[in-house]
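Visitor: Here it is, the structure in full.
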Amino acid sequence: MIALAAVATLFFTGLVAVAPITTSAPSEAATASSFDPGNIISDANFFNGNAMSAGAVQSFLNGQVSSCRSGYTCLKDYRQDTWTRPADAMCQAYTGAGNESAAQIIFRVGQVCNISQSVLIVLLQKEQSLITDSYPDAGQYRSATGFACPDTAPCDAEYSDFYNQVYKAAWQYKRYSNPPGTSAFFTWFPVGQVSNVRYHPNVACGSSPVRIQNQATAGLYYYTPYQPNATAMSNVYGGQNDGCSSYGNRNFWRLYTDWFGDPRGSNNPHGAFDTAVPVAGGVQVTGWAVDPTSDSPVGVTVSVDGQGSNLTADVRLDWIPVLYPGFNSNHGFAGIVGASPGNHSVCVSKSNGTELGCKTVVIPNTTAAGYLDAADGVVGGVHISGWSLNKASGAQTYIWVDIDGSGQPYKVDQQLGWTSSLYPNIGSTHGYDRVVAASPGKHQVCVYGFASALLGCKTAYVPSNEAGTVESATGVLGGINVSGWSLDKRASTSTYVWVDVDGKGKAVYAADVSESAGAAWPTTGKNHGFSTSISAKPGPHQVCVFGTLENTPYGCQTVTVPNNEVGSFDSVTGVLGGLNVSGWSLDQTRSTSTYVWVSIDGSSGGPLWAVNSLNWIEGLYPGKGSLHGFGGFFAAPAGVHNVCLTGTSENVSYGCKQVTVPSSGAASWDTLSATDQQINLTGWAVDRLSKDVKYVWVTVDGVGGPYMAGESLGWIDSYFPGVGSRHGFNINIKAGAGPHNVCVVATYDNQDLGCRTVDVPSTGATSIDSVTGVKGGVRITGWSVDRNSTATTYIWVNVDGVGKPIAAASKLDWIDSYFPGVGPNHGIDTTISATSGSHQVCIVATFDNRNMGCSTVVVP
């Protein structure tokens, strides 16, 4: 746990005796004699940002929690968004990402800050037990590494949340080393010098001098400034407390040792020489060795004062597949090599020559002899066998069997014929062979013989006393049926299982006859089956079953309870003005009729009572009656609609269908004609379900407007009974002479009646006879007339884009004879001023806007 210091931006720590972590000793158990308060972990192991890949971290997390309790998120499954942090003197830049897993965060933080992922894993366990907790709460994630969490005050909210906690802890470990670009603030645990390190936050508990040998150990003390006292170290797996006991750095060292080997060992030899312990007649060595290119066992050579013996690294170590994904567990080595009393140098190397290290061992001078031949887990305990004797006496001896730090004596009482020939005059009663009671799981077993001489230590895996399985878990109406068997391998007495559904459950007696249980464990009989029903609402549920004898998990699975409500959306049909729907729906738990909800385009719709008689229902659902059919009409405008049906008892969806509602509108564009400056069109438009007058939209050359279809047409009412006669249109629209594009749309349902072209005639006639350049301008000659009038008409003349009207008023005698009654004054002979040079001349007849063309004229 880390606390805010007096300087607001700096931190120190204080994990004390509030929550010691206690676990069973692993196969290579940490021993108190190996703890050095001045050298807890090497710098090479601590400052190693490539210690574990993201995949290795994930595998490790998966291996610690097999399944998370329902309703909780374990660290192996935890995810969160991370944000970008810039580089500084402590860490490289961290680029944020969405939905990162805890394993990815641990891996990436370790890389950018160059702090071992193994160290971060141990820290998370030490502070909040997040690695092994199967039901962590939100508070554990908020203060995951104990950063800015003092012993005497709440955690600082500014540094809460998992990513923040992991990053800031790694950042702070780097800050303790006072890297270039920072101040030399952290100096009270100087490396290479002796500092007084306290045992507890209570000053009265005292302190002792510690020579801190490396930066990594100093960083651990800055983060948690207490060392364990003798009481805390009396059992490194216990929580014993004398009021002055602190566990933080003890637990860090012990957890790292359990999970990753000696924290002071070489950080990547693909192996380790863990222990060298004197035993009767020699030395027992343990460790591990891996060839990263092969899963085959590796040979190791154990040399005692230069004399070598060979061992094979094929002992089970469960953590191996975590660091070496795809490898099996059998890569540890353990064996006894003979050695005479006295001091010896013991060295271990891999068969490829890689040195795994050396240790000095003192073999006591004793008359004790013996060996631990086997320590194997069996139902109910550990089966041990071997021999033990006093070479100087034939008197019966005892062995002391220690399992996980606790033990008791047993007589050596088995006859071994060979001992009398090897050790004359002491008899043959020097063997032992017995089962020592032990709980299921992994245990460290050590056997001591005469004069407390160690005969050897081995790891034993005691199988569970409880066995069983879930044979079926099925969703049925109203709940879940679960069956299987469970038993105690040691007895025929029936036991109980706990059946859990979504975090809530009940005990079930496993006493039914089960042929499967009898076949699996014949000595226990057959009365170990169980079968139960648990009420549950429709939908998916998480079902887990546990044996209650040892809380043995028999697995979890998702079971879907079917709906009580069933039915079908049979049909939807578009009709004039709306749509018809039909189908059936019922609740299997009762015979009364139910309702369905009809939704049209997500908004309109309504309920339908499923009360129509359907004779076949009773045959399919006996006892429910026949009154479960539904059918009905819903108003809807013409067009395509999405129709969905839902049962109202349990909100069961019966699906959606698309339907096209036909239009009740009908329309026709009958005629299009043109007269002098006018367009005429006729037709009709009607709503077949209404007498209301409708409109059409008429567009002429892109410009349009609405026109009422309100003219009386006698035949309409006989063709569409009940609509009346006022549905015709006869429309006149003013238009200039020339061709025009006319389009019509019936506005009731936007029915497109199409487009047509019509040519509006003109009473005007115009001719431009000549356009010539003359001195001073452009001369234009010709004529223009309205054939129905003596009025003067005009032309519009543009010279280089600048225009003016010109009257056609000159006398031309032939005009009146050609167009009788218009008179002679309709000629054109005009000169428009223009400078010398080339000019563009364009002419338009203004009477009917006819374009008379353009020409290029040169003015002299």
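Note on naming: chains are A, B, ... as they come in the structure tokens, residues start from 1 per chain, ligands start from 1 in the order shown.
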Please identify all polymer residues within 10 Å of A:Ala204, counting only C-alpha atoms, omitting same-chain residues fewer than 5 positions from it, and present them as a list in words.
Guide: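 Surrounding residues, per the criterion: Arg198, Tyr199 and Cys244 of chain A.
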Visitor: Mind checking which residues fall within 10 Å of stretch 685-694 of chain A, counting only C-alpha atoms, ignoring those fewer than 6 positions away in the same chain, and posting them as JSON, numbers by chain?
Guide: {"A": [576, 577, 663, 664, 665, 666, 667, 668, 669, 706, 707, 708, 709, 710, 711, 716, 717, 719, 720, 721, 722, 723, 724, 725, 726, 727, 728, 729, 745, 746, 747, 748, 749, 751]}
Visitor: Restricted to N, CA and C atoms, what would the selected residues look like written as an mmCIF file, in the first residue's frame?
Guide:
data_model
loop_
_atom_site.group_PDB
_atom_site.id
_atom_site.type_symbol
_atom_site.label_atom_id
_atom_site.label_comp_id
_atom_site.auth_asym_id
_atom_site.auth_seq_id
_atom_site.Cartn_x
_atom_site.Cartn_y
_atom_site.Cartn_z
ATOM 1 N N LEU A 576 -56.988 -1.501 -49.320
ATOM 2 C CA LEU A 576 -57.251 -0.078 -49.432
ATOM 3 C C LEU A 576 -57.451 0.529 -48.044
ATOM 4 N N GLY A 577 -56.644 1.522 -47.735
ATOM 5 C CA GLY A 577 -56.779 2.227 -46.470
ATOM 6 C C GLY A 577 -56.035 1.636 -45.305
ATOM 7 N N SER A 663 -52.733 2.186 -52.916
ATOM 8 C CA SER A 663 -53.337 3.508 -52.829
ATOM 9 C C SER A 663 -54.829 3.434 -53.137
ATOM 10 N N SER A 664 -55.631 4.228 -52.445
ATOM 11 C CA SER A 664 -57.051 4.341 -52.762
ATOM 12 C C SER A 664 -57.297 5.439 -53.782
ATOM 13 N N GLY A 665 -56.214 6.068 -54.185
ATOM 14 C CA GLY A 665 -56.345 7.113 -55.185
ATOM 15 C C GLY A 665 -56.340 6.538 -56.593
ATOM 16 N N ALA A 666 -57.075 7.234 -57.506
ATOM 17 C CA ALA A 666 -57.063 6.904 -58.932
ATOM 18 C C ALA A 666 -57.101 8.208 -59.695
ATOM 19 N N ALA A 667 -56.388 8.272 -60.798
ATOM 20 C CA ALA A 667 -56.332 9.522 -61.560
ATOM 21 C C ALA A 667 -56.027 9.227 -63.015
ATOM 22 N N SER A 668 -56.393 10.178 -63.876
ATOM 23 C CA SER A 668 -56.112 10.049 -65.308
ATOM 24 C C SER A 668 -55.906 11.429 -65.908
ATOM 25 N N TRP A 669 -54.897 11.532 -66.756
ATOM 26 C CA TRP A 669 -54.671 12.748 -67.545
ATOM 27 C C TRP A 669 -55.163 12.416 -68.948
ATOM 28 N N PRO A 706 -50.732 23.790 -57.693
ATOM 29 C CA PRO A 706 -51.856 22.874 -57.504
ATOM 30 C C PRO A 706 -53.103 23.360 -58.251
ATOM 31 N N TYR A 707 -53.877 22.373 -58.719
ATOM 32 C CA TYR A 707 -55.143 22.676 -59.399
ATOM 33 C C TYR A 707 -56.181 21.677 -58.885
ATOM 34 N N MET A 708 -57.358 22.202 -58.560
ATOM 35 C CA MET A 708 -58.422 21.387 -57.997
ATOM 36 C C MET A 708 -59.042 20.498 -59.064
ATOM 37 N N ALA A 709 -59.285 19.226 -58.676
ATOM 38 C CA ALA A 709 -60.033 18.322 -59.542
ATOM 39 C C ALA A 709 -61.467 18.305 -59.020
ATOM 40 N N GLY A 710 -62.207 19.407 -59.316
ATOM 41 C CA GLY A 710 -63.537 19.576 -58.751
ATOM 42 C C GLY A 710 -64.639 19.711 -59.785
ATOM 43 N N GLU A 711 -64.312 19.454 -61.061
ATOM 44 C CA GLU A 711 -65.333 19.526 -62.111
ATOM 45 C C GLU A 711 -66.252 18.303 -62.010
ATOM 46 N N ILE A 716 -68.281 9.283 -62.966
ATOM 47 C CA ILE A 716 -67.347 8.934 -61.883
ATOM 48 C C ILE A 716 -68.035 8.125 -60.785
ATOM 49 N N ASP A 717 -69.224 8.549 -60.361
ATOM 50 C CA ASP A 717 -69.863 7.899 -59.225
ATOM 51 C C ASP A 717 -70.333 6.484 -59.541
ATOM 52 N N TYR A 719 -68.648 4.526 -61.576
ATOM 53 C CA TYR A 719 -67.425 3.726 -61.684
ATOM 54 C C TYR A 719 -66.798 3.500 -60.309
ATOM 55 N N PHE A 720 -66.882 4.541 -59.443
ATOM 56 C CA PHE A 720 -66.398 4.442 -58.061
ATOM 57 C C PHE A 720 -67.566 4.784 -57.149
ATOM 58 N N PRO A 721 -68.439 3.810 -56.861
ATOM 59 C CA PRO A 721 -69.684 4.094 -56.140
ATOM 60 C C PRO A 721 -69.433 4.805 -54.816
ATOM 61 N N GLY A 722 -70.229 5.857 -54.586
ATOM 62 C CA GLY A 722 -70.197 6.561 -53.319
ATOM 63 C C GLY A 722 -69.267 7.740 -53.255
ATOM 64 N N VAL A 723 -68.449 7.995 -54.327
ATOM 65 C CA VAL A 723 -67.480 9.090 -54.248
ATOM 66 C C VAL A 723 -68.062 10.406 -54.744
ATOM 67 N N GLY A 724 -69.240 10.392 -55.381
ATOM 68 C CA GLY A 724 -69.799 11.607 -55.954
ATOM 69 C C GLY A 724 -69.248 11.885 -57.345
ATOM 70 N N SER A 725 -69.632 13.054 -57.891
ATOM 71 C CA SER A 725 -69.270 13.349 -59.290
ATOM 72 C C SER A 725 -68.171 14.381 -59.442
ATOM 73 N N ARG A 726 -67.808 15.131 -58.396
ATOM 74 C CA ARG A 726 -66.910 16.290 -58.566
ATOM 75 C C ARG A 726 -65.441 15.869 -58.412
ATOM 76 N N HIS A 727 -64.936 15.284 -59.494
ATOM 77 C CA HIS A 727 -63.547 14.840 -59.455
ATOM 78 C C HIS A 727 -62.807 15.066 -60.773
ATOM 79 N N GLY A 728 -63.387 15.835 -61.670
ATOM 80 C CA GLY A 728 -62.724 16.120 -62.940
ATOM 81 C C GLY A 728 -61.916 17.402 -62.873
ATOM 82 N N PHE A 729 -60.948 17.532 -63.786
ATOM 83 C CA PHE A 729 -60.222 18.809 -63.906
ATOM 84 C C PHE A 729 -60.163 19.221 -65.376
ATOM 85 N N VAL A 745 -48.966 15.387 -61.605
ATOM 86 C CA VAL A 745 -48.895 14.453 -60.476
ATOM 87 C C VAL A 745 -50.190 14.591 -59.673
ATOM 88 N N ALA A 746 -50.826 13.433 -59.352
ATOM 89 C CA ALA A 746 -51.988 13.450 -58.464
ATOM 90 C C ALA A 746 -51.480 13.588 -57.029
ATOM 91 N N THR A 747 -51.857 14.666 -56.346
ATOM 92 C CA THR A 747 -51.248 14.974 -55.042
ATOM 93 C C THR A 747 -51.705 14.046 -53.927
ATOM 94 N N TYR A 748 -52.827 13.362 -54.069
ATOM 95 C CA TYR A 748 -53.330 12.526 -52.973
ATOM 96 C C TYR A 748 -52.333 11.426 -52.607
ATOM 97 N N ASP A 749 -51.791 10.766 -53.605
ATOM 98 C CA ASP A 749 -50.849 9.692 -53.341
ATOM 99 C C ASP A 749 -49.579 9.821 -54.166
ATOM 100 N N GLN A 751 -49.209 10.028 -57.242
ATOM 101 C CA GLN A 751 -49.207 9.212 -58.447
ATOM 102 C C GLN A 751 -48.750 10.058 -59.630
#
Visitor: Can you list, as a PDB file with N, CA and C atoms, in the first residue's frame, every protein, DNA or RNA residue that comes within 9 Å of A:Asn229 when you count only C-alpha atoms, leaving out same-chain residues fewer than 6 positions away?
Guide:
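In the end it all went to result-v3.pdb:
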ATOM      1  N   TYR A 199       9.829  -2.210  11.675  1.00  0.00           N
ATOM      2  CA  TYR A 199       9.019  -3.416  11.560  1.00  0.00           C
ATOM      3  C   TYR A 199       7.534  -3.111  11.368  1.00  0.00           C
ATOM      4  N   HIS A 200       7.114  -1.883  11.714  1.00  0.00           N
ATOM      5  CA  HIS A 200       5.682  -1.599  11.776  1.00  0.00           C
ATOM      6  C   HIS A 200       5.506  -0.078  11.805  1.00  0.00           C
ATOM      7  N   SER A 207      13.066  -1.199  15.055  1.00  0.00           N
ATOM      8  CA  SER A 207      13.657  -1.368  13.728  1.00  0.00           C
ATOM      9  C   SER A 207      14.950  -2.144  13.883  1.00  0.00           C
ATOM     10  N   CYS A 244       3.239  -6.365  16.038  1.00  0.00           N
ATOM     11  CA  CYS A 244       4.266  -5.590  15.355  1.00  0.00           C
ATOM     12  C   CYS A 244       4.668  -6.258  14.042  1.00  0.00           C
ATOM     13  N   SER A 245       3.788  -7.077  13.505  1.00  0.00           N
ATOM     14  CA  SER A 245       4.116  -7.856  12.311  1.00  0.00           C
ATOM     15  C   SER A 245       3.637  -7.135  11.059  1.00  0.00           C
ATOM     16  N   SER A 246       4.508  -7.016  10.078  1.00  0.00           N
ATOM     17  CA  SER A 246       4.178  -6.455   8.765  1.00  0.00           C
ATOM     18  C   SER A 246       4.458  -7.507   7.709  1.00  0.00           C
ATOM     19  N   TYR A 247       3.665  -7.508   6.662  1.00  0.00           N
ATOM     20  CA  TYR A 247       3.728  -8.622   5.710  1.00  0.00           C
ATOM     21  C   TYR A 247       4.060  -8.208   4.285  1.00  0.00           C
TER      22      TYR A 247
END
Visitor: At a cut-off of 8 Å, using only C-alpha atoms, what residues contact A:Tyr72? Leave out same-chain residues fewer than 3 positions from it and give the result as a PDB file with C-alpha atoms, in the first residue's frame.
Guide:
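Below you can see part_3.pdb, which holds the result:
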ATOM      1  CA  CYS A  68     -15.349 -16.372 -11.812  1.00  0.00           C
ATOM      2  CA  ARG A  69     -18.321 -16.245  -9.456  1.00  0.00           C
ATOM      3  CA  SER A 134     -12.860 -15.130  -8.011  1.00  0.00           C
ATOM      4  CA  TYR A 135     -15.252 -12.380  -6.907  1.00  0.00           C
ATOM      5  CA  PRO A 136     -13.362  -9.035  -6.725  1.00  0.00           C
ATOM      6  CA  ASP A 137     -15.343  -5.888  -6.009  1.00  0.00           C
TER       7      ASP A 137
END
Visitor: Got a sec: who's within 10 Å of A:Thr792, counting only C-alpha atoms, leaving out chain neighbours fewer than 3 positions off, as JSON, numbers by chain?
Guide: {"A": [784, 785, 786, 789, 807, 808, 809, 810, 822, 823, 825, 826, 827, 847]}
Visitor: Those selected residues, please, written with all heavy atoms and delivered as a short mmCIF file (atom, residue, chain, number, x, y, z; two decimals), in the first residue's frame.
Guide:
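So the final result, stored in part21.cif, reads:
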data_model
loop_
_atom_site.label_atom_id
_atom_site.label_comp_id
_atom_site.auth_asym_id
_atom_site.auth_seq_id
_atom_site.Cartn_x
_atom_site.Cartn_y
_atom_site.Cartn_z
N SER A 784 -42.06 42.82 -88.95
CA SER A 784 -42.67 42.10 -87.82
C SER A 784 -44.10 42.55 -87.69
O SER A 784 -44.38 43.77 -87.76
CB SER A 784 -41.92 42.39 -86.52
OG SER A 784 -42.53 41.71 -85.44
N VAL A 785 -45.02 41.56 -87.52
CA VAL A 785 -46.43 41.89 -87.53
C VAL A 785 -47.20 40.97 -86.60
O VAL A 785 -46.81 39.81 -86.39
CB VAL A 785 -47.00 41.78 -88.98
CG1 VAL A 785 -46.94 40.33 -89.46
CG2 VAL A 785 -48.41 42.32 -89.08
N ASP A 786 -48.32 41.49 -86.00
CA ASP A 786 -49.31 40.68 -85.31
C ASP A 786 -50.44 40.49 -86.30
O ASP A 786 -51.12 41.46 -86.66
CB ASP A 786 -49.81 41.40 -84.05
CG ASP A 786 -50.91 40.62 -83.34
OD1 ASP A 786 -51.29 39.52 -83.81
OD2 ASP A 786 -51.40 41.12 -82.30
N SER A 789 -53.79 42.20 -85.61
CA SER A 789 -53.85 43.58 -85.10
C SER A 789 -53.03 44.51 -85.99
O SER A 789 -52.08 44.09 -86.66
CB SER A 789 -53.31 43.62 -83.67
OG SER A 789 -53.17 44.94 -83.20
N ALA A 807 -38.74 49.42 -83.07
CA ALA A 807 -40.13 49.34 -83.55
C ALA A 807 -40.17 48.93 -85.01
O ALA A 807 -39.38 49.40 -85.84
CB ALA A 807 -40.84 50.68 -83.36
N ALA A 808 -41.11 48.02 -85.31
CA ALA A 808 -41.36 47.64 -86.71
C ALA A 808 -42.49 48.54 -87.22
O ALA A 808 -43.66 48.16 -87.23
CB ALA A 808 -41.71 46.17 -86.80
N ALA A 809 -42.16 49.77 -87.65
CA ALA A 809 -43.18 50.79 -87.99
C ALA A 809 -42.98 51.41 -89.38
O ALA A 809 -43.72 52.32 -89.76
CB ALA A 809 -43.17 51.88 -86.92
N SER A 810 -42.00 50.97 -90.16
CA SER A 810 -41.78 51.52 -91.50
C SER A 810 -42.86 50.98 -92.45
O SER A 810 -43.36 49.86 -92.27
CB SER A 810 -40.38 51.13 -92.02
OG SER A 810 -39.40 51.66 -91.17
N VAL A 822 -54.01 44.31 -91.50
CA VAL A 822 -53.03 44.73 -90.49
C VAL A 822 -52.45 46.11 -90.80
O VAL A 822 -51.77 46.72 -89.95
CB VAL A 822 -51.89 43.70 -90.34
CG1 VAL A 822 -52.45 42.35 -89.94
CG2 VAL A 822 -51.05 43.60 -91.60
N GLY A 823 -52.65 46.63 -92.06
CA GLY A 823 -52.06 47.90 -92.45
C GLY A 823 -50.64 47.72 -92.96
O GLY A 823 -50.04 46.65 -92.83
N ASN A 825 -47.75 49.55 -92.05
CA ASN A 825 -46.64 50.10 -91.25
C ASN A 825 -46.06 49.04 -90.29
O ASN A 825 -46.20 49.11 -89.07
CB ASN A 825 -47.12 51.32 -90.47
CG ASN A 825 -47.58 52.43 -91.39
OD1 ASN A 825 -46.98 52.66 -92.45
ND2 ASN A 825 -48.66 53.11 -91.00
N HIS A 826 -45.34 48.07 -90.88
CA HIS A 826 -44.75 47.01 -90.06
C HIS A 826 -43.32 46.65 -90.50
O HIS A 826 -42.82 45.58 -90.18
CB HIS A 826 -45.64 45.76 -90.11
CG HIS A 826 -47.01 46.00 -89.57
ND1 HIS A 826 -47.28 46.21 -88.24
CD2 HIS A 826 -48.22 46.10 -90.21
CE1 HIS A 826 -48.58 46.42 -88.06
NE2 HIS A 826 -49.18 46.36 -89.28
N GLY A 827 -42.67 47.57 -91.24
CA GLY A 827 -41.33 47.31 -91.74
C GLY A 827 -40.25 47.72 -90.75
O GLY A 827 -40.48 48.52 -89.83
N PHE A 847 -42.78 39.90 -79.68
CA PHE A 847 -44.20 39.56 -79.62
C PHE A 847 -44.41 38.16 -79.06
O PHE A 847 -45.31 37.93 -78.26
CB PHE A 847 -44.82 39.68 -81.03
CG PHE A 847 -46.29 39.38 -81.07
CD1 PHE A 847 -47.23 40.32 -80.67
CD2 PHE A 847 -46.73 38.11 -81.45
CE1 PHE A 847 -48.58 40.03 -80.68
CE2 PHE A 847 -48.09 37.83 -81.44
CZ PHE A 847 -49.02 38.77 -81.07
#
Visitor: Could you build a table of the residues in stretch 635-696 of chain A lying no more than 10 Å from stretch 552-566 of chain A, giving for each the nearest pair of atoms and their separation in Å rounded to one decimal place, using only C-alpha atoms, ordered by chain and ascending residue number, as a Markdown table?
Guide:
| residue | atom | partner | partner_atom | distance |
| --- | --- | --- | --- | --- |
| A:Gly647 | CA | A:Glu565 | CA | 7.1 |
| A:Thr648 | CA | A:Glu565 | CA | 8.7 |
| A:Ser649 | CA | A:Glu565 | CA | 6.6 |
| A:Glu650 | CA | A:Glu565 | CA | 6.4 |
| A:Asn651 | CA | A:Glu565 | CA | 8.5 |
| A:Val652 | CA | A:Glu565 | CA | 6.8 |
| A:Ser653 | CA | A:Val566 | CA | 9.3 |
| A:Tyr654 | CA | A:Val566 | CA | 8.4 |
Visitor: Output N, CA and C atoms for every residue in that selection, as a JSON list (two decimals), in the first residue's frame.
Guide:
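That gives us part-v7.json:
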[["chain", "number", "residue", "atom", "x", "y", "z"],
["A", 647, "GLY", "N", -46.03, -10.60, -28.33],
["A", 647, "GLY", "CA", -46.93, -11.09, -27.30],
["A", 647, "GLY", "C", -46.80, -10.23, -26.07],
["A", 648, "THR", "N", -47.91, -9.90, -25.43],
["A", 648, "THR", "CA", -47.84, -8.97, -24.30],
["A", 648, "THR", "C", -47.60, -9.66, -22.96],
["A", 649, "SER", "N", -47.77, -10.98, -22.87],
["A", 649, "SER", "CA", -47.58, -11.65, -21.58],
["A", 649, "SER", "C", -46.12, -11.63, -21.14],
["A", 650, "GLU", "N", -45.20, -11.91, -22.08],
["A", 650, "GLU", "CA", -43.77, -11.95, -21.75],
["A", 650, "GLU", "C", -42.95, -11.17, -22.76],
["A", 651, "ASN", "N", -43.65, -10.31, -23.50],
["A", 651, "ASN", "CA", -42.95, -9.46, -24.47],
["A", 651, "ASN", "C", -42.18, -10.28, -25.49],
["A", 652, "VAL", "N", -42.76, -11.42, -25.90],
["A", 652, "VAL", "CA", -42.12, -12.30, -26.88],
["A", 652, "VAL", "C", -42.35, -11.75, -28.28],
["A", 653, "SER", "N", -41.28, -11.60, -29.04],
["A", 653, "SER", "CA", -41.41, -11.11, -30.41],
["A", 653, "SER", "C", -41.83, -12.25, -31.34],
["A", 654, "TYR", "N", -42.86, -11.99, -32.15],
["A", 654, "TYR", "CA", -43.30, -12.94, -33.16],
["A", 654, "TYR", "C", -42.79, -12.55, -34.54]]
Visitor: Could you write out, as JSON, numbers by chain, all the residues of stretch 450-591 of chain A that DSSP marks as strand (DSSP E or B)?
Guide: {"A": [454, 455, 456, 457, 458, 459, 460, 461, 462, 466, 467, 468, 469, 470, 471, 472, 473, 474, 475, 476, 479, 480, 481, 482, 483, 484, 485, 486, 487, 488, 495, 496, 497, 498, 499, 500, 501, 504, 505, 506, 507, 508, 509, 510, 512, 513, 527, 528, 529, 530, 531, 532, 533, 534, 535, 539, 540, 541, 542, 543, 544, 545, 546, 547, 552, 553, 554, 555, 556, 557, 558, 559, 560, 561, 565, 566, 567, 568, 569, 570, 571, 572, 573, 574, 575, 578, 579, 580, 581, 582, 583, 584, 585, 586, 587]}
Visitor: Give me, as a list in words, all polymer residues having an atom no more than 7 Å from stretch 281-295 of chain A, counting only C-alpha atoms and skipping those fewer than 5 positions away in the same chain.
Guide: His270, Gly271, Ala272, Phe273, Asp274, Thr275, Ala276, Ala313, Phe327, Asn328, His331, Gly332, Phe333, Ala334, Gly335, Ile336, Val337, Gly338, Ala339, Ser340, Ile363, Ala369 and Gly456 of chain A
Visitor: Apply DSSP to the structure's backbone, then extract all residues of stretch 21-162 of chain A labelled helix (DSSP H, G or I) and return them as a PyMOL selection string.
Guide: chain A and resi 32-34+43-46+54-64+75-77+102-113+117-128+138-142+157-159+162
Visitor: Can you write just those residues out, C-alpha atoms, as a JSON list (two decimals), in the first residue's frame?
Guide:
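Final output, selection_29.json:
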[["chain", "number", "residue", "atom", "x", "y", "z"],
["A", 32, "ALA", "CA", 12.33, -18.26, 5.72],
["A", 33, "SER", "CA", 16.06, -18.97, 5.69],
["A", 34, "SER", "CA", 16.24, -17.81, 2.06],
["A", 43, "ASP", "CA", 17.67, -5.41, -10.31],
["A", 44, "ALA", "CA", 17.85, -7.70, -13.37],
["A", 45, "ASN", "CA", 14.56, -9.35, -12.46],
["A", 46, "PHE", "CA", 12.84, -6.16, -11.28],
["A", 54, "ALA", "CA", 0.83, -10.29, -23.05],
["A", 55, "GLY", "CA", -0.08, -13.89, -23.89],
["A", 56, "ALA", "CA", 2.00, -15.23, -21.01],
["A", 57, "VAL", "CA", 0.35, -12.76, -18.61],
["A", 58, "GLN", "CA", -3.10, -13.83, -19.83],
["A", 59, "SER", "CA", -2.21, -17.52, -19.47],
["A", 60, "PHE", "CA", -0.96, -16.87, -15.95],
["A", 61, "LEU", "CA", -4.18, -15.07, -14.96],
["A", 62, "ASN", "CA", -6.30, -17.84, -16.50],
["A", 63, "GLY", "CA", -4.38, -20.41, -14.49],
["A", 64, "GLN", "CA", -5.10, -18.72, -11.15],
["A", 75, "LEU", "CA", -8.93, -10.00, -13.45],
["A", 76, "LYS", "CA", -8.51, -12.52, -16.27],
["A", 77, "ASP", "CA", -11.70, -11.13, -17.87],
["A", 102, "ALA", "CA", -5.87, -6.48, -17.84],
["A", 103, "ALA", "CA", -3.14, -8.70, -19.34],
["A", 104, "GLN", "CA", -2.49, -6.17, -22.13],
["A", 105, "ILE", "CA", -2.34, -3.30, -19.63],
["A", 106, "ILE", "CA", 0.12, -5.18, -17.37],
["A", 107, "PHE", "CA", 2.29, -6.12, -20.37],
["A", 108, "ARG", "CA", 2.32, -2.64, -21.94],
["A", 109, "VAL", "CA", 2.91, -0.76, -18.68],
["A", 110, "GLY", "CA", 5.80, -3.12, -17.92],
["A", 111, "GLN", "CA", 7.31, -2.39, -21.33],
["A", 112, "VAL", "CA", 7.00, 1.40, -21.35],
["A", 113, "CYS", "CA", 8.26, 1.74, -17.75],
["A", 117, "GLN", "CA", 5.37, -7.90, -15.61],
["A", 118, "SER", "CA", 6.05, -10.55, -12.95],
["A", 119, "VAL", "CA", 6.65, -7.77, -10.41],
["A", 120, "LEU", "CA", 3.37, -6.06, -11.33],
["A", 121, "ILE", "CA", 1.49, -9.37, -11.02],
["A", 122, "VAL", "CA", 2.96, -9.97, -7.55],
["A", 123, "LEU", "CA", 2.13, -6.37, -6.54],
["A", 124, "LEU", "CA", -1.53, -6.78, -7.59],
["A", 125, "GLN", "CA", -1.79, -9.93, -5.46],
["A", 126, "LYS", "CA", 0.08, -8.44, -2.52],
["A", 127, "GLU", "CA", -2.13, -5.36, -2.36],
["A", 128, "GLN", "CA", -5.63, -6.55, -3.33],
["A", 138, "ALA", "CA", -15.03, -2.45, -7.61],
["A", 139, "GLY", "CA", -12.94, -1.15, -4.70],
["A", 140, "GLN", "CA", -10.20, -3.70, -5.39],
["A", 141, "TYR", "CA", -9.88, -2.40, -8.95],
["A", 142, "ARG", "CA", -9.96, 1.23, -7.81],
["A", 157, "ALA", "CA", -9.48, 9.30, -5.89],
["A", 158, "GLU", "CA", -7.23, 11.06, -8.44],
["A", 159, "TYR", "CA", -5.27, 7.83, -8.88],
["A", 162, "PHE", "CA", -7.03, -0.30, -12.61]]
Visitor: Measure the distance from atom CA of A:Ser599 to atom CA of A:Leu586 in Å and round it to one decimal.
Guide: 18.7 Å
